[in-house]
>>> print(open('coords.cif').read())   # mmCIF, C-alpha atoms and all ligand atoms
data_upload
#
loop_
_atom_site.label_atom_id
_atom_site.label_comp_id
_atom_site.auth_asym_id
_atom_site.auth_seq_id
_atom_site.Cartn_x
_atom_site.Cartn_y
_atom_site.Cartn_z
CA MET A 25 45.78 7.08 -5.20
CA SER A 26 44.29 3.87 -3.75
CA GLY A 27 41.28 2.13 -5.33
CA PRO A 28 37.71 1.97 -3.99
CA THR A 29 36.97 0.58 -0.53
CA ALA A 30 36.26 -3.16 -0.29
CA SER A 31 32.48 -2.75 -0.09
CA LEU A 32 32.51 -1.03 -3.50
CA LYS A 33 34.09 -4.07 -5.15
CA PRO A 34 31.43 -6.42 -6.57
CA PRO A 35 31.48 -9.75 -4.70
CA THR A 36 31.93 -13.16 -6.28
CA GLY A 37 28.65 -14.08 -7.93
CA ALA A 38 27.86 -10.55 -9.08
CA VAL A 39 26.48 -10.42 -12.63
CA ALA A 40 26.78 -7.93 -15.49
CA PRO A 41 24.06 -5.25 -15.40
CA GLU A 42 21.48 -5.51 -18.17
CA ARG A 43 19.92 -2.64 -20.00
CA HIS A 44 16.15 -3.12 -19.55
CA PRO A 45 14.18 -3.71 -22.80
CA ASP A 46 11.93 -0.74 -21.87
CA ALA A 47 14.88 1.60 -21.15
CA PRO A 48 14.75 4.92 -23.03
CA PRO A 49 16.79 4.71 -26.26
CA PRO A 50 20.38 6.06 -26.32
CA GLY A 51 20.41 9.85 -26.65
CA GLU A 52 16.94 10.38 -25.15
CA LEU A 53 16.72 13.11 -22.51
CA LEU A 54 15.59 11.44 -19.26
CA GLY A 55 14.04 14.55 -17.67
CA PRO A 56 13.79 15.31 -13.94
CA HIS A 57 12.64 12.45 -11.71
CA TYR A 58 11.19 15.04 -9.28
CA ASP A 59 10.75 18.75 -10.01
CA GLN A 60 12.02 19.70 -6.52
CA CYS A 61 15.15 17.53 -6.71
CA PHE A 62 18.22 19.64 -5.87
CA ALA A 63 20.20 18.04 -8.68
CA CYS A 64 17.72 17.65 -11.57
CA GLY A 65 14.55 19.52 -10.55
CA LEU A 66 13.70 22.60 -12.60
CA LYS A 67 11.78 24.18 -9.72
CA GLN A 68 14.91 24.56 -7.57
CA PRO A 69 16.24 28.03 -8.47
CA HIS A 70 19.73 27.26 -7.10
CA GLY A 71 19.68 23.58 -8.03
CA LEU A 72 22.07 21.99 -10.51
CA HIS A 73 19.49 21.56 -13.29
CA LEU A 74 21.51 18.57 -14.36
CA ALA A 75 20.24 17.08 -17.62
CA ALA A 76 20.84 13.36 -18.13
CA ARG A 77 20.42 11.30 -21.29
CA ALA A 78 20.25 7.57 -21.86
CA GLY A 79 23.58 6.19 -23.06
CA GLU A 80 24.60 2.98 -24.82
CA GLY A 81 24.27 -0.23 -22.80
CA ALA A 82 23.96 0.29 -19.05
CA SER A 83 25.11 3.91 -19.16
CA VAL A 84 23.95 7.52 -19.03
CA THR A 85 25.51 10.86 -19.87
CA ALA A 86 24.74 14.20 -18.24
CA GLU A 87 25.70 17.87 -18.31
CA PHE A 88 25.74 20.43 -15.55
CA THR A 89 26.80 24.08 -15.79
CA ILE A 90 28.43 25.33 -12.59
CA ALA A 91 26.64 28.51 -11.45
CA SER A 92 27.78 31.05 -8.88
CA ALA A 93 25.34 29.50 -6.34
CA HIS A 94 27.47 26.31 -6.52
CA GLN A 95 30.75 27.82 -5.27
CA GLY A 96 32.88 26.57 -2.42
CA ALA A 97 36.11 28.53 -2.92
CA PRO A 98 35.90 31.80 -4.91
CA GLY A 99 35.08 30.94 -8.52
CA LEU A 100 35.27 27.19 -7.94
CA ALA A 101 32.59 24.53 -7.54
CA HIS A 102 31.95 23.17 -4.04
CA GLY A 103 33.03 19.54 -3.66
CA GLY A 104 29.65 18.59 -2.18
CA VAL A 105 27.89 20.03 -5.21
CA LEU A 106 30.15 17.97 -7.50
CA ALA A 107 29.34 14.89 -5.40
CA ALA A 108 25.63 15.67 -5.87
CA ALA A 109 26.13 15.87 -9.64
CA LEU A 110 27.93 12.51 -9.62
CA ASP A 111 25.24 10.98 -7.36
CA GLU A 112 22.43 12.18 -9.62
CA THR A 113 24.13 10.91 -12.78
CA LEU A 114 24.67 7.52 -11.14
CA GLY A 115 21.06 7.55 -9.88
CA SER A 116 19.83 8.13 -13.42
CA LEU A 117 21.01 4.60 -14.22
CA ASN A 118 17.73 3.60 -12.50
CA TRP A 119 15.91 4.51 -15.72
CA ILE A 120 18.22 2.31 -17.78
CA LEU A 121 17.92 -0.68 -15.44
CA GLN A 122 14.25 0.19 -14.68
CA VAL A 123 14.66 -0.12 -10.92
CA ILE A 124 14.23 2.12 -7.90
CA ALA A 125 17.51 2.22 -6.02
CA VAL A 126 19.04 4.70 -3.56
CA THR A 127 22.66 5.55 -2.88
CA GLY A 128 24.12 3.43 -0.09
CA ARG A 129 27.74 4.44 -0.62
CA LEU A 130 29.38 7.08 -2.79
CA GLU A 131 33.13 7.46 -3.02
CA THR A 132 34.46 10.53 -4.82
CA ASN A 133 37.81 11.54 -6.26
CA PHE A 134 38.35 15.23 -6.94
CA VAL A 135 41.04 15.34 -9.60
CA ARG A 136 40.96 18.95 -10.85
CA PRO A 137 39.32 22.19 -9.65
CA VAL A 138 36.08 22.95 -11.51
CA PRO A 139 35.58 26.66 -12.28
CA VAL A 140 32.24 28.48 -12.15
CA GLY A 141 30.81 28.95 -15.65
CA THR A 142 32.20 25.68 -17.00
CA VAL A 143 30.16 22.69 -18.11
CA LEU A 144 30.85 19.37 -16.40
CA HIS A 145 30.32 16.48 -18.84
CA LEU A 146 29.40 13.37 -16.88
CA GLU A 147 29.10 9.72 -17.76
CA ALA A 148 27.95 6.90 -15.47
CA ARG A 149 27.90 3.17 -16.03
CA ALA A 150 26.47 0.28 -14.01
CA THR A 151 29.27 -2.24 -13.59
CA ALA A 152 27.75 -5.16 -11.65
CA VAL A 153 24.60 -6.35 -9.89
CA HIS A 154 24.42 -8.62 -6.86
CA GLY A 155 20.93 -9.18 -5.41
CA ARG A 156 19.59 -5.74 -4.46
CA LYS A 157 23.03 -4.12 -4.88
CA ILE A 158 23.99 -2.20 -7.99
CA TYR A 159 27.65 -1.25 -8.44
CA SER A 160 28.45 1.72 -10.64
CA ALA A 161 31.08 4.30 -11.57
CA ALA A 162 31.02 7.82 -12.96
CA VAL A 163 33.44 10.35 -14.39
CA GLY A 164 33.11 14.10 -14.98
CA ARG A 165 35.19 15.93 -17.60
CA LEU A 166 35.87 19.55 -18.51
CA GLY A 167 36.04 20.96 -22.04
CA GLY A 168 33.78 18.32 -23.64
CA PRO A 169 32.71 14.68 -23.29
CA ASP A 170 36.30 13.61 -24.07
CA GLY A 171 37.95 16.41 -22.08
CA ARG A 172 40.18 16.34 -19.02
CA VAL A 173 38.93 14.29 -16.07
CA ALA A 174 37.92 16.54 -13.14
CA VAL A 175 35.96 14.16 -10.88
CA ARG A 176 35.34 10.45 -10.51
CA ALA A 177 33.01 8.37 -8.34
CA THR A 178 32.39 4.77 -7.47
CA ALA A 179 29.06 3.85 -5.90
CA LEU A 180 26.81 1.21 -4.47
CA PHE A 181 23.07 1.71 -4.93
CA VAL A 182 20.55 -0.51 -3.14
CA LYS A 183 17.15 -1.39 -4.66
CA VAL A 184 14.24 -0.30 -2.46
CA PRO A 185 10.45 -0.65 -2.61
CA ILE A 186 8.36 2.48 -3.19
CA ASP A 187 7.52 2.45 0.55
CA HIS A 188 11.07 3.69 1.16
CA PHE A 189 9.85 7.12 0.03
CA THR A 190 6.29 7.07 1.35
CA ASP A 191 7.39 5.79 4.79
CA HIS A 192 10.29 8.21 5.27
CA GLY A 193 9.51 11.33 3.23
CA ARG A 194 7.86 14.36 4.85
CA ALA A 195 4.08 13.98 4.54
CA ALA A 196 3.46 17.31 2.77
CA GLU A 197 5.77 16.50 -0.15
CA ILE A 198 4.58 12.88 -0.44
CA LYS A 199 0.96 14.09 -0.57
CA ALA A 200 1.84 16.64 -3.27
CA VAL A 201 3.68 14.03 -5.37
CA LEU A 202 0.83 11.53 -5.08
CA ALA A 203 -1.51 14.23 -6.37
CA GLN A 204 0.56 14.42 -9.58
CA GLN A 205 -0.75 11.40 -11.45
CA GLU A 206 1.93 11.50 -14.16
CA GLN A 207 4.73 11.35 -11.57
CA VAL A 208 3.09 8.44 -9.74
CA LYS A 209 2.62 6.50 -12.99
CA ALA A 210 6.32 6.94 -13.82
CA VAL A 211 7.40 5.72 -10.39
CA ARG A 212 4.91 2.79 -10.35
CA ALA A 213 6.30 1.67 -13.70
CA LEU A 214 9.67 1.22 -12.01
CA GLU A 215 8.39 -0.50 -8.90
CA VAL A 216 10.38 -3.57 -7.96
CA ASN A 217 10.04 -6.38 -5.48
CA PRO A 218 13.51 -6.67 -3.97
C1 LIG B 301 5.43 8.26 -4.07
C2 LIG B 301 6.63 9.20 -4.11
C3 LIG B 301 7.87 8.55 -4.65
C4 LIG B 301 8.88 9.54 -5.19
C5 LIG B 301 10.07 8.79 -5.72
C6 LIG B 301 10.72 9.49 -6.78
C7 LIG B 301 11.63 8.92 -7.63
C8 LIG B 301 12.20 7.56 -7.50
C9 LIG B 301 12.31 6.85 -8.83
C10 LIG B 301 13.35 6.87 -9.65
C11 LIG B 301 14.53 7.71 -9.39
C12 LIG B 301 15.30 7.97 -10.62
C13 LIG B 301 16.46 8.59 -10.61
C14 LIG B 301 17.12 8.88 -9.30
C15 LIG B 301 18.20 9.86 -9.47
C16 LIG B 301 18.97 10.28 -8.46
C17 LIG B 301 18.81 9.78 -7.14
C18 LIG B 301 19.92 10.24 -6.21
C19 LIG B 301 20.19 9.13 -5.28
C20 LIG B 301 20.21 9.57 -3.86
O1 LIG B 301 20.85 10.48 -3.49
S1 LIG B 301 19.28 8.64 -2.73
C21 LIG B 301 19.48 9.57 -1.20
C22 LIG B 301 20.64 9.14 -0.35
N1 LIG B 301 20.51 7.80 0.12
C23 LIG B 301 19.70 7.46 1.14
O2 LIG B 301 19.02 8.26 1.70
C24 LIG B 301 19.74 6.01 1.57
C25 LIG B 301 19.63 5.88 3.08
N2 LIG B 301 19.90 4.50 3.46
C26 LIG B 301 18.94 3.57 3.48
O3 LIG B 301 17.76 3.85 3.30
C27 LIG B 301 19.38 2.16 3.74
O4 LIG B 301 20.58 2.11 4.46
C28 LIG B 301 19.52 1.32 2.43
C29 LIG B 301 18.18 1.31 1.66
C30 LIG B 301 20.64 1.88 1.52
C31 LIG B 301 19.90 -0.13 2.80
O5 LIG B 301 19.07 -0.54 3.87
P1 LIG B 301 18.17 -1.86 3.79
O6 LIG B 301 17.74 -2.16 5.22
O7 LIG B 301 17.12 -1.75 2.77
O8 LIG B 301 19.14 -2.99 3.29
P2 LIG B 301 20.39 -3.69 4.02
O9 LIG B 301 20.96 -2.85 5.08
O10 LIG B 301 19.96 -5.10 4.35
O11 LIG B 301 21.46 -3.74 2.80
C32 LIG B 301 21.23 -4.53 1.64
C33 LIG B 301 22.59 -4.91 1.11
O12 LIG B 301 23.30 -3.71 0.76
C34 LIG B 301 24.52 -3.59 1.55
N3 LIG B 301 24.66 -2.16 1.92
C35 LIG B 301 23.69 -1.32 2.33
N4 LIG B 301 24.20 -0.12 2.59
C36 LIG B 301 25.53 -0.21 2.34
C37 LIG B 301 26.60 0.72 2.43
N5 LIG B 301 26.39 1.97 2.82
N6 LIG B 301 27.84 0.31 2.10
C38 LIG B 301 28.06 -0.96 1.71
N7 LIG B 301 27.08 -1.90 1.59
C39 LIG B 301 25.84 -1.52 1.92
C40 LIG B 301 24.29 -4.49 2.75
O13 LIG B 301 25.52 -4.92 3.28
C41 LIG B 301 23.47 -5.62 2.15
O14 LIG B 301 24.36 -6.48 1.43
P3 LIG B 301 24.10 -8.08 1.39
O15 LIG B 301 22.76 -8.26 0.71
O16 LIG B 301 25.24 -8.61 0.58
O17 LIG B 301 24.10 -8.51 2.80
#
>>> encode(input="coords.cif", output="structure tokens", more="lines below")
Ligand SMILES: CCCCC/C=C\C/C=C\C/C=C\C/C=C\CCCC(=O)SCCNC(=O)CCNC(=O)[C@H](O)C(C)(C)COP(=O)(O)OP(=O)(O)OC[C@H]1O[C@@H](n2cnc3c(N)ncnc32)[C@H](O)[C@@H]1OP(=O)(O)O
Amino acid sequence: MSGPTASLKPPTGAVAPERHPDAPPPGELLGPHYDQCFACGLKQPHGLHLAARAGEGASVTAEFTIASAHQGAPGLAHGGVLAAALDETLGSLNWILQVIAVTGRLETNFVRPVPVGTVLHLEARATAVHGRKIYSAAVGRLGGPDGRVAVRATALFVKVPIDHFTDHGRAAEIKAVLAQQEQVKAVRALEVNP
């Protein structure tokens, strides 16, 4: 199997990612970043309900139980759903680095089939930072946090200002989110000037 594409390799001058001093402590449940998020939101009946926790250093862990709504082939998880779980786990690194960044590129490796009813144990780690670009990698295992590797991903996230969401999101949802003061406070706390 070949390695990641060239644009997923940190360029010369990239630096090691730093865990932010205000990052949640290792082991702390991060909670959904948006209650309607397909991957972590608890108000999506068929969503993944993925639960991520802060890890050591620039890392997070997460768990996701594959439900029947997540099938592709009979009794097996859909590859796109697994990619969403990897994407969400990688995105949760935002809380550790205290930035707002979106996925620019996500490369997945599907190593083993993932049966319905199993728990996928995920871990993601930021590997390098170069300007607005955050390089990261994730792995998903079956049978426990040290179990057999089922999926892997390498990613590039790009830091964005909050306007990324308010400019592009559908007005109804943006208005509803802005009405939830707690949500806005959490997002403002992460606001960055790229
Ligand atoms: C008020 C309501 C707010 C609600 C917000 C809620 C929560 C947010 C807060 C925290 C979130 C916490 C956890 C999140 C958890 C999970 C999130 C899941 C993540 C996702 O699921 S998110 C959805 C999918 N995602 C998109 O929807 C992105 C669509 N896309 C774009 O919006 C643009 O495409 C963008 C912004 C990516 C870049 O655009 P841009 O114009 O800002 O920047 P530009 O193009 O200049 O790129 C700058 C440098 O990145 C390099 N670069 C860019 N893209 C690249 C690529 N694809 N491959 C290789 N390199 C790439 C360039 O080569 C350049 O590199 P260099 O600097 O070296 O020249």
>>> residues_around(input="coords.cif", residues="Gly115 (chain A)", least_positions_apart="2", cutoff="10 Å", atoms="all atoms listed in the file", output="VMD selection string")
chain A and resid 57 84 109 to 113 117 to 120 124 to 127 148 150 160 179 181
>>> write_last_selection(input="coords.cif", atoms="C-alpha atoms", output="PDB file, in the coordinates of the input")
ATOM      1  CA  HIS A  57      12.640  12.450 -11.710  1.00  0.00           C
ATOM      2  CA  VAL A  84      23.950   7.520 -19.030  1.00  0.00           C
ATOM      3  CA  ALA A 109      26.130  15.870  -9.640  1.00  0.00           C
ATOM      4  CA  LEU A 110      27.930  12.510  -9.620  1.00  0.00           C
ATOM      5  CA  ASP A 111      25.240  10.980  -7.360  1.00  0.00           C
ATOM      6  CA  GLU A 112      22.430  12.180  -9.620  1.00  0.00           C
ATOM      7  CA  THR A 113      24.130  10.910 -12.780  1.00  0.00           C
ATOM      8  CA  LEU A 117      21.010   4.600 -14.220  1.00  0.00           C
ATOM      9  CA  ASN A 118      17.730   3.600 -12.500  1.00  0.00           C
ATOM     10  CA  TRP A 119      15.910   4.510 -15.720  1.00  0.00           C
ATOM     11  CA  ILE A 120      18.220   2.310 -17.780  1.00  0.00           C
ATOM     12  CA  ILE A 124      14.230   2.120  -7.900  1.00  0.00           C
ATOM     13  CA  ALA A 125      17.510   2.220  -6.020  1.00  0.00           C
ATOM     14  CA  VAL A 126      19.040   4.700  -3.560  1.00  0.00           C
ATOM     15  CA  THR A 127      22.660   5.550  -2.880  1.00  0.00           C
ATOM     16  CA  ALA A 148      27.950   6.900 -15.470  1.00  0.00           C
ATOM     17  CA  ALA A 150      26.470   0.280 -14.010  1.00  0.00           C
ATOM     18  CA  SER A 160      28.450   1.720 -10.640  1.00  0.00           C
ATOM     19  CA  ALA A 179      29.060   3.850  -5.900  1.00  0.00           C
ATOM     20  CA  PHE A 181      23.070   1.710  -4.930  1.00  0.00           C
TER      21      PHE A 181
END
>>> atom_distance(input="coords.cif", atom1="CA of Ala108 (chain A)", atom2="CA of Ala174 (chain A)")
14.3 Å
>>> residues_around(input="coords.cif", residues="region 33-46 of chain A", least_positions_apart="5", cutoff="10 Å", atoms="all atoms listed in the file", output="PyMOL selection string")
chain A and resi 27-28+80-83+117-123+149-155+157-160+178-180
>>> residues_around(input="coords.cif", residues="Gly171 (chain A)", least_positions_apart="2", cutoff="12 Å", atoms="all atoms listed in the file", output="ChimeraX atom specification")
/A:136,143-147,163-169,173-175
>>> write_last_selection(input="coords.cif", atoms="C-alpha atoms", output="PDB file, in the coordinates of the input")
ATOM      1  CA  ARG A 136      40.960  18.950 -10.850  1.00  0.00           C
ATOM      2  CA  VAL A 143      30.160  22.690 -18.110  1.00  0.00           C
ATOM      3  CA  LEU A 144      30.850  19.370 -16.400  1.00  0.00           C
ATOM      4  CA  HIS A 145      30.320  16.480 -18.840  1.00  0.00           C
ATOM      5  CA  LEU A 146      29.400  13.370 -16.880  1.00  0.00           C
ATOM      6  CA  GLU A 147      29.100   9.720 -17.760  1.00  0.00           C
ATOM      7  CA  VAL A 163      33.440  10.350 -14.390  1.00  0.00           C
ATOM      8  CA  GLY A 164      33.110  14.100 -14.980  1.00  0.00           C
ATOM      9  CA  ARG A 165      35.190  15.930 -17.600  1.00  0.00           C
ATOM     10  CA  LEU A 166      35.870  19.550 -18.510  1.00  0.00           C
ATOM     11  CA  GLY A 167      36.040  20.960 -22.040  1.00  0.00           C
ATOM     12  CA  GLY A 168      33.780  18.320 -23.640  1.00  0.00           C
ATOM     13  CA  PRO A 169      32.710  14.680 -23.290  1.00  0.00           C
ATOM     14  CA  VAL A 173      38.930  14.290 -16.070  1.00  0.00           C
ATOM     15  CA  ALA A 174      37.920  16.540 -13.140  1.00  0.00           C
ATOM     16  CA  VAL A 175      35.960  14.160 -10.880  1.00  0.00           C
TER      17      VAL A 175
END
>>> atom_distance(input="coords.cif", atom1="atom O4 of ligand LIG 301 (chain B)", atom2="CA of Phe88 (chain A)")
27.6 Å
>>> atom_distance(input="coords.cif", atom1="CA of Phe189 (chain A)", atom2="CA of Val211 (chain A)")
10.8 Å
>>> closest_residue(input="coords.cif", among="A:Arg176, A:Arg156, A:Cys64, A:Leu32", to="Gly103 (chain A)", atoms="only C-alpha atoms")
A:Arg176
>>> residues_near_point(input="coords.cif", point="(11.9, 17.6, -8.6)", cutoff="12 Å", atoms="only C-alpha atoms", output="list in words")
Gly55, Pro56, His57, Tyr58, Asp59, Gln60, Cys61, Phe62, Ala63, Cys64, Gly65, Leu66, Lys67, Gln68, Pro69, Gly71, Leu72, His73, Leu74, Glu112, Glu197, Ile198, Ala200, Val201, Gln204 and Gln207 of chain A
>>> closest_residue(input="coords.cif", among="A:Thr85, A:Thr29, A:Gln95, A:Asn133", to="ligand LIG 301 (chain B)", atoms="only C-alpha atoms and all ligand atoms")
A:Thr29
>>> axis_aligned_box(input="coords.cif", around="region 94-111 of chain A", padding_each_side="8 Å", output="JSON")
{"center_x": 30.7, "center_y": 21.4, "center_z": -5.9, "size_x": 26.9, "size_y": 36.8, "size_z": 23.5}
>>> closest_residue(input="coords.cif", among="A:Gly128, A:Gly141, A:Pro185, A:Pro49", to="ligand LIG 301 (chain B)", atoms="all atoms listed in the file")
A:Gly128
>>> closest_residue(input="coords.cif", among="A:Ala195, A:Leu106, A:Leu100, A:Ala30", to="Glu87 (chain A)", atoms="all atoms listed in the file")
A:Leu106
